[in-house]
Amino acid sequence: MSLLTIRGLTIRYEGEAVVDGVDLAVERGASVGLVGESGSGKSQCALAVLGLLPARATLSGSIEFDGRELIGAGQEVLDDVRARRIGIVFQDPMLALNPYLRIGAQLKQILRSHGLADRREADARVIEMLARVGLPDPERQFAAWPHELSGGMRQRAMIASALIAQPDLLIADEPTTALDVTVQAQVLDLLERVREDTALLLITHDLGVVAGHCERMTVLEKGRVVDSGSTTSLFRSPGHRHTRDLIAAAPRVDRGEPPAPVTTGTVLSVGNAAVEFGDLRAVDDVSFAVGTGETVAIVGESGSGKSSLARAVLGLLPLATGRVVYAGDALASVVEKRALAVRRDLQLVFQDPISALDPQMRVQRIVAEPLVVHEPRLDEKRRRERVIAVLEQVGLGERFLRRYPHQLSGGEAQRVCIARALVLEPKVLICDEAVAALDGSVRRQVLGLLREVQRETGLSIIFISHDLAVVRSISHRALVMYSGRLVELAQSGALFEAPRHPYTQALIAAVPVPDPVLAPRPAPLPGEAPSLVSPPPGCAFHPRCPLAEAVCRAKAPALRTVGGTQVACHLAE
Amino acid sequence: MLRYTLFRILGAIPTLLLVIALAFMMVRAAPGGPFDAEYIPSTEVEKNLRDAYGLDDPLPQQFLTYLSGLLRGDLGPSIRQTGYSVAELIGEALPYSFLLGATAMLLALLLGVGAGTVAALRQGSLLDRTITGLSLTGISIPVFVVAPVLVLLFAVKLQWLPAGWGSARGAATWVLPVVTLALPQLAYVARLMRASMIDVLSSDFVRTARAQGLGTATIVRVHALKPAMLPVISYLGPAVAGILTGSVVVEEVFGIPGLGEMFVRAALNRDYTLVLGVVVFYASLIVALNLVVDILYGVIDPRVRYR
């Protein structure tokens with residue numbers, strides 16, 4: 001008999017089914033992936049198992065856990081099952097832990113509430129658990145506040161809280177989505193090691209994560225199960241069109257032909273740029289250039305300085321030193337001091353399209369606004385024509401004119417943002433994580449749109465992303481940043497096929513590959529990015545570097561050219 | 001934490017100085033003077049009187065004299081109640097006002113937090129709607145209406161409680177004044193608490209706690225109460241101000257010889273020093289309480305301390 005058996009689970013809100021007749025089974029000790037795009041109902045299923053859905057949700061069907069029916073179960077049954085039999089890890093460790101309570105107190109309360117330890121034992125057991133999830137100096141973390149821990153450390157604490165009562169089933173709901181890729185690799189590796197014989201139900205949108213960590217998988221589309229079976233066989237021969245689409249849309253860091261190099265003149269260049277926030281150096285001595293019609297990606301994990309660099313290029317953050325040269329002229333460091341003609345040539349697209357649009361404006365006004373500023377003499381009719389033309393260019397068209405942002409899907413909203421940027425016919429478009437919030441298929445469409453616009457208009461793109469698989473598919477060249485510094489700058493083909501910096505190598509290796517039969521991945525990169533306030537001496541990467549030697553600890557490496565690639569590493573050759 | 005507290009205390013000093021300066025100017029700017037209502041035998045006598053209190057010195061000098069007195073804890077002599085210092089008069093009236101105000105505040109906080117929490121836990125229920133409705137009523141009716149109505153009902157009609165500061169002393173005398181004073185604050189605290197508790201209960205970390213099977217009582221006590229109290233705590237400053245202004249009315253209605261009643265008389269008599277003394281005292285109290293609020297904030301929310 002399965003440990004968890006879900007049969008015909010249907011969840012309705014105001015009569016509308018968000019989960020519709022889902023069947024799912026998890027055997028003891030097994031690992032099962034529940035896969036789907038946003039809105040497919042996968043998280044709803046997880047919450048239903050633990051009885052955590054809001055009261056206005058109506059449930060039907062059956063959720064049987066170890067012989068006990070959980071739908072309609074009383075509070076005592078639920079409180080007994082929770083933590084002791086089923087542990088759960090939520091997506092965002094920044095929000096899922098109580099910021100007003102020390103880490104140790106939060107974990108201890110679980111043991112105390114379930115009568116699993118008395119006051120004295122509890123401390124020791126919590127500290128032991130914190131050590132097991134790899135928190136350095138567990139005694140100190142015991143007394144730490146959640147905000148004192150990094151995202152990865154918090155997620156480790158969250159995993160500790162889910163496992164401390166030794167449950168039979170661990171539900172992990174997008175456990176690594178909010179984390180950097182090297183930290184994601186660590187946390188997934190940890191989940192695998194620390195759960196021992198606890199079964200795992202892993203909920204994710206990321207096929208790479210499922211491929212690497214689940215024996216079986218179930219695919220959801222709009223609340224219905226469309227495919228279910230062993231991971232290897234489903235990847236080899238997907239039963240349903242949707243599964244096939246998901247696999248096809250999953251970006252791959254390990255294959256694919258990057259766009260051919262561009263050999264045009266430089267349109268924009270950045271020289272020795274530095275950005276400072278007080279004592280903190282967010283960007284340190286970065287130089288690069290972008291050619292006409294070229295896409296240059298800036299890659300890095302959170303805190304690497306990639307967004308600060310982009311903002312400095314736009315003049316939204318002042319440069320501490322260095323300069324930005326556009327069309328042969330050095331630009332003022334602050335956007336307000338730049339000529340209007342320059343400002344219109346450099347445009348920006350943000351990560352979260354919905355919050356980047358004024359909710360009180362219709363699409364027409366949103367897209368027309370830049371024209372009002374930059375071409376005030378344009379009459380109403382001409383302006384409207386321009387708006388319609390650009391909406392058609394991004395694949396939306398006239399019928400979207402009267403819509404408000406909340407009436408748009410995520411992909412449509414991002415197209416509106418792109419239209420707003422393109423309506424001025426800029427020369428350089430800066431995309432700051434512009435596709436990070438989008439689902440796989442939508443992301444592919446938006447990337448296709450960017451490529452098409454570039455081909456038609458010779459637009460240059462600075463593409464900031466943490467997602468290397470996406471970068472591989474879109475950028476001509478890429479620069480990798482670590483701790484505010486440029487560590488490698490190369491043509492995309494060279495960067496992905498033969499990365500020279502050990503950090504780039506580790507970064508690429510850490511990206512989950514949506515292919516279950518691929519050889520096992522190398523051990524994840526240890527540690528986390530260093531503090532920018534007091535960076536380590538020498539090469540900032542040396543504490544995490546598998547190759548580090550004495551020279552790396554002593555001296556910061558200068559950028560040098562090795563086989564056509566610029567790399568800042570003493571050992572690269 | 002120590003650093004944070006120290007900075008907060010230093011930050012309160014300019015606020016206090018500004019309030020004292022404003023109060024000083026405002027009292028002087030009011031039309032009329034302390035001796036207008038009195039028979040003064042001659043202009044010479046009046047001149048001597050004004051000289052004695054330094055009323056003819058230039059304003060800045062008067063202010064500096066006053067400030068230097070304040071630094072020594074000297075609020076000056078009362079102009080109208082000869083032979084008494086302002087500090088003495090405040091000291092006499094304070095115990096009544098303190099007992100009244102503190103009890104009302106405590107009552108408002110305890111019942112308000114309790115009622116708000118219960119309403120939040122039973123959101124949408126009859127109990128919730130009753131609490132919400134009652135608290136709206138409590139906020140809407142001003143103290144000067146509540147006081148006589150309560151007196152009419154409980155003292156005159158039902159004769160359960162004494163109407164004021166007359167014959168019967170003891171605890172019963174305090175019930176109506178305290179309840180009158182507490183009512184609007186209680187109502188406001190209940191509403192604040194309900195809203196913030198609902199907010200906290202729907203937060204992700206409470207969902208985590210529920211997923212850990214902690215049970216509602218534990219979740220409220222261990223996880224939700226502290227963060228949900230934050231809006232109530234930041235309301236403490238305004239609440240004390242409300243209690244102070246309310247007490248002026250309540251003390252008049254019930255005839256309690258407290259600070260509020262004394263303040264009204266002093267203002268009508270243009271007793272400059274006494275009015276100023278009470279204002280400075282009230283202002284210091286409110287500044288001090290806001291300081292306590294800021295520090296409490298730091299105690300509850302560890303993230304605040306580092307800002």
# chains A, B, ... in the order shown; residues from 1 in each chain; ligands from 1
>>> residues_around(residues="Val293 of chain B", least_positions_apart="6", cutoff="12 Å", atoms="only C-alpha atoms", output="ChimeraX atom specification")
/B:5,8-9,229-240,286-287,299-301
>>> write_last_selection(atoms="C-alpha atoms", output="compact mmCIF listing (two decimals), in the first residue's frame")
# COMPACT_ATOMS: atom_id res chain seq x y z
CA THR B 5 18.10 53.00 22.52
CA ARG B 8 16.38 57.21 20.18
CA ILE B 9 16.84 59.09 23.45
CA MET B 229 0.86 43.88 18.47
CA LEU B 230 3.13 46.18 16.48
CA PRO B 231 0.39 48.52 15.16
CA VAL B 232 -1.13 48.65 18.64
CA ILE B 233 2.23 49.57 20.11
CA SER B 234 2.80 52.33 17.61
CA TYR B 235 -0.66 53.61 18.55
CA LEU B 236 0.39 53.94 22.21
CA GLY B 237 1.68 57.47 21.69
CA PRO B 238 -1.55 58.80 20.15
CA ALA B 239 -3.50 56.73 22.70
CA VAL B 240 -1.82 58.51 25.59
CA ILE B 286 4.03 61.83 25.31
CA VAL B 287 7.60 62.14 24.03
CA VAL B 299 12.51 44.60 21.21
CA ILE B 300 9.78 42.93 19.15
CA ASP B 301 11.20 43.29 15.66
>>> select_by_dssp(residues="segment 461-509 of chain A", states="alpha helix (DSSP H)", output="list in words")
Leu468, Ala469, Val470, Val471, Arg472, Ser473, Ile474, Ser492, Gly493, Ala494, Leu495, Phe496, Glu497, Pro502, Tyr503, Thr504, Gln505, Ala506, Leu507, Ile508 and Ala509 of chain A
>>> interface_residues(of="chain B", to="chain A", cutoff="8 Å", atoms="only C-alpha atoms", output="ChimeraX atom specification")
/B:203-208,210-215,223,226-227,300-303
>>> residues_around(residues="Leu67 of chain B", least_positions_apart="2", cutoff="12 Å", atoms="only C-alpha atoms", output="ChimeraX atom specification")
/B:16-18,20-21,24,60-65,69-76,276-277,280
>>> atom_distance(atom1="atom CA of Ile462 of chain A", atom2="atom CA of Glu398 of chain A")
28.7 Å
>>> residues_around(residues="segment 358-363 of chain A", least_positions_apart="3", cutoff="8 Å", atoms="only C-alpha atoms", output="list in words")
Ser355, Ile366, Val367, Phe400, Leu401, Arg402, Arg403, Tyr404, Pro405, His406 and Val416 of chain A
>>> atom_distance(atom1="atom CA of Val151 of chain B", atom2="atom CA of Thr132 of chain B")
24.9 Å
>>> decode(residues="segment 232-269 of chain B", atoms="N, CA, C and O atoms", output="PDB file, in the first residue's frame")
ATOM      1  N   VAL B 232      -0.574  48.187  17.376  1.00  0.00           N
ATOM      2  CA  VAL B 232      -1.129  48.648  18.644  1.00  0.00           C
ATOM      3  C   VAL B 232      -0.067  49.421  19.418  1.00  0.00           C
ATOM      4  O   VAL B 232      -0.333  50.476  19.996  1.00  0.00           O
ATOM      5  N   ILE B 233       1.154  48.898  19.389  1.00  0.00           N
ATOM      6  CA  ILE B 233       2.234  49.575  20.114  1.00  0.00           C
ATOM      7  C   ILE B 233       2.530  50.938  19.511  1.00  0.00           C
ATOM      8  O   ILE B 233       2.712  51.918  20.232  1.00  0.00           O
ATOM      9  N   SER B 234       2.524  51.007  18.183  1.00  0.00           N
ATOM     10  CA  SER B 234       2.802  52.326  17.610  1.00  0.00           C
ATOM     11  C   SER B 234       1.636  53.277  17.856  1.00  0.00           C
ATOM     12  O   SER B 234       1.787  54.485  17.755  1.00  0.00           O
ATOM     13  N   TYR B 235       0.472  52.739  18.209  1.00  0.00           N
ATOM     14  CA  TYR B 235      -0.657  53.606  18.547  1.00  0.00           C
ATOM     15  C   TYR B 235      -0.557  54.111  19.991  1.00  0.00           C
ATOM     16  O   TYR B 235      -1.293  55.025  20.371  1.00  0.00           O
ATOM     17  N   LEU B 236       0.320  53.546  20.799  1.00  0.00           N
ATOM     18  CA  LEU B 236       0.393  53.939  22.212  1.00  0.00           C
ATOM     19  C   LEU B 236       0.583  55.443  22.387  1.00  0.00           C
ATOM     20  O   LEU B 236      -0.041  56.049  23.261  1.00  0.00           O
ATOM     21  N   GLY B 237       1.449  56.031  21.580  1.00  0.00           N
ATOM     22  CA  GLY B 237       1.682  57.473  21.687  1.00  0.00           C
ATOM     23  C   GLY B 237       0.389  58.266  21.513  1.00  0.00           C
ATOM     24  O   GLY B 237      -0.048  58.967  22.435  1.00  0.00           O
ATOM     25  N   PRO B 238      -0.268  58.138  20.342  1.00  0.00           N
ATOM     26  CA  PRO B 238      -1.553  58.798  20.153  1.00  0.00           C
ATOM     27  C   PRO B 238      -2.578  58.413  21.228  1.00  0.00           C
ATOM     28  O   PRO B 238      -3.397  59.237  21.624  1.00  0.00           O
ATOM     29  N   ALA B 239      -2.535  57.168  21.692  1.00  0.00           N
ATOM     30  CA  ALA B 239      -3.498  56.732  22.701  1.00  0.00           C
ATOM     31  C   ALA B 239      -3.324  57.532  23.983  1.00  0.00           C
ATOM     32  O   ALA B 239      -4.294  57.974  24.597  1.00  0.00           O
ATOM     33  N   VAL B 240      -2.063  57.737  24.384  1.00  0.00           N
ATOM     34  CA  VAL B 240      -1.819  58.506  25.594  1.00  0.00           C
ATOM     35  C   VAL B 240      -2.304  59.941  25.400  1.00  0.00           C
ATOM     36  O   VAL B 240      -2.948  60.524  26.285  1.00  0.00           O
ATOM     37  N   ALA B 241      -2.052  60.495  24.224  1.00  0.00           N
ATOM     38  CA  ALA B 241      -2.554  61.837  23.937  1.00  0.00           C
ATOM     39  C   ALA B 241      -4.072  61.865  24.049  1.00  0.00           C
ATOM     40  O   ALA B 241      -4.650  62.790  24.628  1.00  0.00           O
ATOM     41  N   GLY B 242      -4.716  60.825  23.508  1.00  0.00           N
ATOM     42  CA  GLY B 242      -6.176  60.744  23.582  1.00  0.00           C
ATOM     43  C   GLY B 242      -6.661  60.656  25.021  1.00  0.00           C
ATOM     44  O   GLY B 242      -7.642  61.290  25.407  1.00  0.00           O
ATOM     45  N   ILE B 243      -5.954  59.855  25.822  1.00  0.00           N
ATOM     46  CA  ILE B 243      -6.329  59.704  27.239  1.00  0.00           C
ATOM     47  C   ILE B 243      -6.167  61.050  27.946  1.00  0.00           C
ATOM     48  O   ILE B 243      -7.017  61.449  28.753  1.00  0.00           O
ATOM     49  N   LEU B 244      -5.101  61.770  27.647  1.00  0.00           N
ATOM     50  CA  LEU B 244      -4.859  63.060  28.309  1.00  0.00           C
ATOM     51  C   LEU B 244      -5.958  64.065  27.976  1.00  0.00           C
ATOM     52  O   LEU B 244      -6.535  64.689  28.873  1.00  0.00           O
ATOM     53  N   THR B 245      -6.269  64.206  26.686  1.00  0.00           N
ATOM     54  CA  THR B 245      -7.324  65.156  26.328  1.00  0.00           C
ATOM     55  C   THR B 245      -8.660  64.676  26.863  1.00  0.00           C
ATOM     56  O   THR B 245      -9.473  65.478  27.343  1.00  0.00           O
ATOM     57  N   GLY B 246      -8.871  63.356  26.795  1.00  0.00           N
ATOM     58  CA  GLY B 246     -10.117  62.812  27.339  1.00  0.00           C
ATOM     59  C   GLY B 246     -10.239  63.095  28.825  1.00  0.00           C
ATOM     60  O   GLY B 246     -11.311  63.426  29.326  1.00  0.00           O
ATOM     61  N   SER B 247      -9.114  63.017  29.539  1.00  0.00           N
ATOM     62  CA  SER B 247      -9.179  63.172  30.989  1.00  0.00           C
ATOM     63  C   SER B 247      -9.563  64.594  31.373  1.00  0.00           C
ATOM     64  O   SER B 247     -10.157  64.822  32.424  1.00  0.00           O
ATOM     65  N   VAL B 248      -9.242  65.558  30.522  1.00  0.00           N
ATOM     66  CA  VAL B 248      -9.655  66.932  30.803  1.00  0.00           C
ATOM     67  C   VAL B 248     -11.178  66.991  30.918  1.00  0.00           C
ATOM     68  O   VAL B 248     -11.729  67.567  31.855  1.00  0.00           O
ATOM     69  N   VAL B 249     -11.861  66.327  29.965  1.00  0.00           N
ATOM     70  CA  VAL B 249     -13.319  66.314  29.985  1.00  0.00           C
ATOM     71  C   VAL B 249     -13.845  65.464  31.145  1.00  0.00           C
ATOM     72  O   VAL B 249     -14.701  65.887  31.927  1.00  0.00           O
ATOM     73  N   VAL B 250     -13.285  64.261  31.247  1.00  0.00           N
ATOM     74  CA  VAL B 250     -13.790  63.317  32.251  1.00  0.00           C
ATOM     75  C   VAL B 250     -13.638  63.884  33.662  1.00  0.00           C
ATOM     76  O   VAL B 250     -14.553  63.792  34.494  1.00  0.00           O
ATOM     77  N   GLU B 251     -12.507  64.512  33.932  1.00  0.00           N
ATOM     78  CA  GLU B 251     -12.288  65.062  35.270  1.00  0.00           C
ATOM     79  C   GLU B 251     -13.263  66.201  35.557  1.00  0.00           C
ATOM     80  O   GLU B 251     -13.740  66.359  36.681  1.00  0.00           O
ATOM     81  N   GLU B 252     -13.559  66.981  34.532  1.00  0.00           N
ATOM     82  CA  GLU B 252     -14.556  68.050  34.705  1.00  0.00           C
ATOM     83  C   GLU B 252     -15.917  67.459  35.033  1.00  0.00           C
ATOM     84  O   GLU B 252     -16.569  67.852  35.986  1.00  0.00           O
ATOM     85  N   VAL B 253     -16.336  66.463  34.201  1.00  0.00           N
ATOM     86  CA  VAL B 253     -17.680  65.892  34.368  1.00  0.00           C
ATOM     87  C   VAL B 253     -17.841  65.218  35.729  1.00  0.00           C
ATOM     88  O   VAL B 253     -18.837  65.408  36.419  1.00  0.00           O
ATOM     89  N   PHE B 254     -16.830  64.440  36.116  1.00  0.00           N
ATOM     90  CA  PHE B 254     -16.969  63.688  37.365  1.00  0.00           C
ATOM     91  C   PHE B 254     -16.396  64.433  38.567  1.00  0.00           C
ATOM     92  O   PHE B 254     -16.406  63.928  39.675  1.00  0.00           O
ATOM     93  N   GLY B 255     -15.868  65.617  38.336  1.00  0.00           N
ATOM     94  CA  GLY B 255     -15.349  66.428  39.436  1.00  0.00           C
ATOM     95  C   GLY B 255     -14.132  65.831  40.117  1.00  0.00           C
ATOM     96  O   GLY B 255     -13.979  65.913  41.337  1.00  0.00           O
ATOM     97  N   ILE B 256     -13.255  65.226  39.348  1.00  0.00           N
ATOM     98  CA  ILE B 256     -12.045  64.639  39.929  1.00  0.00           C
ATOM     99  C   ILE B 256     -10.957  65.715  39.983  1.00  0.00           C
ATOM    100  O   ILE B 256     -10.696  66.369  38.979  1.00  0.00           O
ATOM    101  N   PRO B 257     -10.342  65.934  41.146  1.00  0.00           N
ATOM    102  CA  PRO B 257      -9.358  67.013  41.263  1.00  0.00           C
ATOM    103  C   PRO B 257      -8.019  66.644  40.649  1.00  0.00           C
ATOM    104  O   PRO B 257      -6.982  66.647  41.315  1.00  0.00           O
ATOM    105  N   GLY B 258      -8.015  66.351  39.375  1.00  0.00           N
ATOM    106  CA  GLY B 258      -6.784  65.899  38.719  1.00  0.00           C
ATOM    107  C   GLY B 258      -6.153  66.999  37.888  1.00  0.00           C
ATOM    108  O   GLY B 258      -6.554  68.157  37.931  1.00  0.00           O
ATOM    109  N   LEU B 259      -5.166  66.601  37.105  1.00  0.00           N
ATOM    110  CA  LEU B 259      -4.403  67.544  36.288  1.00  0.00           C
ATOM    111  C   LEU B 259      -5.263  68.234  35.233  1.00  0.00           C
ATOM    112  O   LEU B 259      -5.131  69.421  34.987  1.00  0.00           O
ATOM    113  N   GLY B 260      -6.142  67.467  34.628  1.00  0.00           N
ATOM    114  CA  GLY B 260      -6.948  67.987  33.534  1.00  0.00           C
ATOM    115  C   GLY B 260      -7.819  69.128  34.015  1.00  0.00           C
ATOM    116  O   GLY B 260      -7.899  70.192  33.391  1.00  0.00           O
ATOM    117  N   GLU B 261      -8.447  68.894  35.151  1.00  0.00           N
ATOM    118  CA  GLU B 261      -9.337  69.903  35.708  1.00  0.00           C
ATOM    119  C   GLU B 261      -8.532  71.148  36.060  1.00  0.00           C
ATOM    120  O   GLU B 261      -8.936  72.279  35.799  1.00  0.00           O
ATOM    121  N   MET B 262      -7.360  70.917  36.647  1.00  0.00           N
ATOM    122  CA  MET B 262      -6.498  72.025  37.041  1.00  0.00           C
ATOM    123  C   MET B 262      -6.047  72.826  35.804  1.00  0.00           C
ATOM    124  O   MET B 262      -5.989  74.051  35.819  1.00  0.00           O
ATOM    125  N   PHE B 263      -5.768  72.099  34.739  1.00  0.00           N
ATOM    126  CA  PHE B 263      -5.294  72.708  33.501  1.00  0.00           C
ATOM    127  C   PHE B 263      -6.345  73.669  32.938  1.00  0.00           C
ATOM    128  O   PHE B 263      -6.040  74.785  32.531  1.00  0.00           O
ATOM    129  N   VAL B 264      -7.598  73.216  32.951  1.00  0.00           N
ATOM    130  CA  VAL B 264      -8.675  74.055  32.407  1.00  0.00           C
ATOM    131  C   VAL B 264      -8.765  75.346  33.218  1.00  0.00           C
ATOM    132  O   VAL B 264      -8.830  76.447  32.669  1.00  0.00           O
ATOM    133  N   ARG B 265      -8.746  75.215  34.551  1.00  0.00           N
ATOM    134  CA  ARG B 265      -8.847  76.404  35.397  1.00  0.00           C
ATOM    135  C   ARG B 265      -7.675  77.341  35.140  1.00  0.00           C
ATOM    136  O   ARG B 265      -7.839  78.557  35.004  1.00  0.00           O
ATOM    137  N   ALA B 266      -6.466  76.757  35.061  1.00  0.00           N
ATOM    138  CA  ALA B 266      -5.264  77.571  34.865  1.00  0.00           C
ATOM    139  C   ALA B 266      -5.335  78.344  33.546  1.00  0.00           C
ATOM    140  O   ALA B 266      -4.977  79.523  33.477  1.00  0.00           O
ATOM    141  N   ALA B 267      -5.839  77.676  32.527  1.00  0.00           N
ATOM    142  CA  ALA B 267      -5.919  78.335  31.216  1.00  0.00           C
ATOM    143  C   ALA B 267      -6.897  79.505  31.270  1.00  0.00           C
ATOM    144  O   ALA B 267      -6.615  80.585  30.762  1.00  0.00           O
ATOM    145  N   LEU B 268      -8.047  79.292  31.901  1.00  0.00           N
ATOM    146  CA  LEU B 268      -9.046  80.352  31.983  1.00  0.00           C
ATOM    147  C   LEU B 268      -8.514  81.533  32.782  1.00  0.00           C
ATOM    148  O   LEU B 268      -8.833  82.678  32.514  1.00  0.00           O
ATOM    149  N   ASN B 269      -7.674  81.275  33.779  1.00  0.00           N
ATOM    150  CA  ASN B 269      -7.124  82.327  34.624  1.00  0.00           C
ATOM    151  C   ASN B 269      -5.856  82.953  34.075  1.00  0.00           C
ATOM    152  O   ASN B 269      -5.254  83.790  34.742  1.00  0.00           O
TER     153      ASN B 269
END
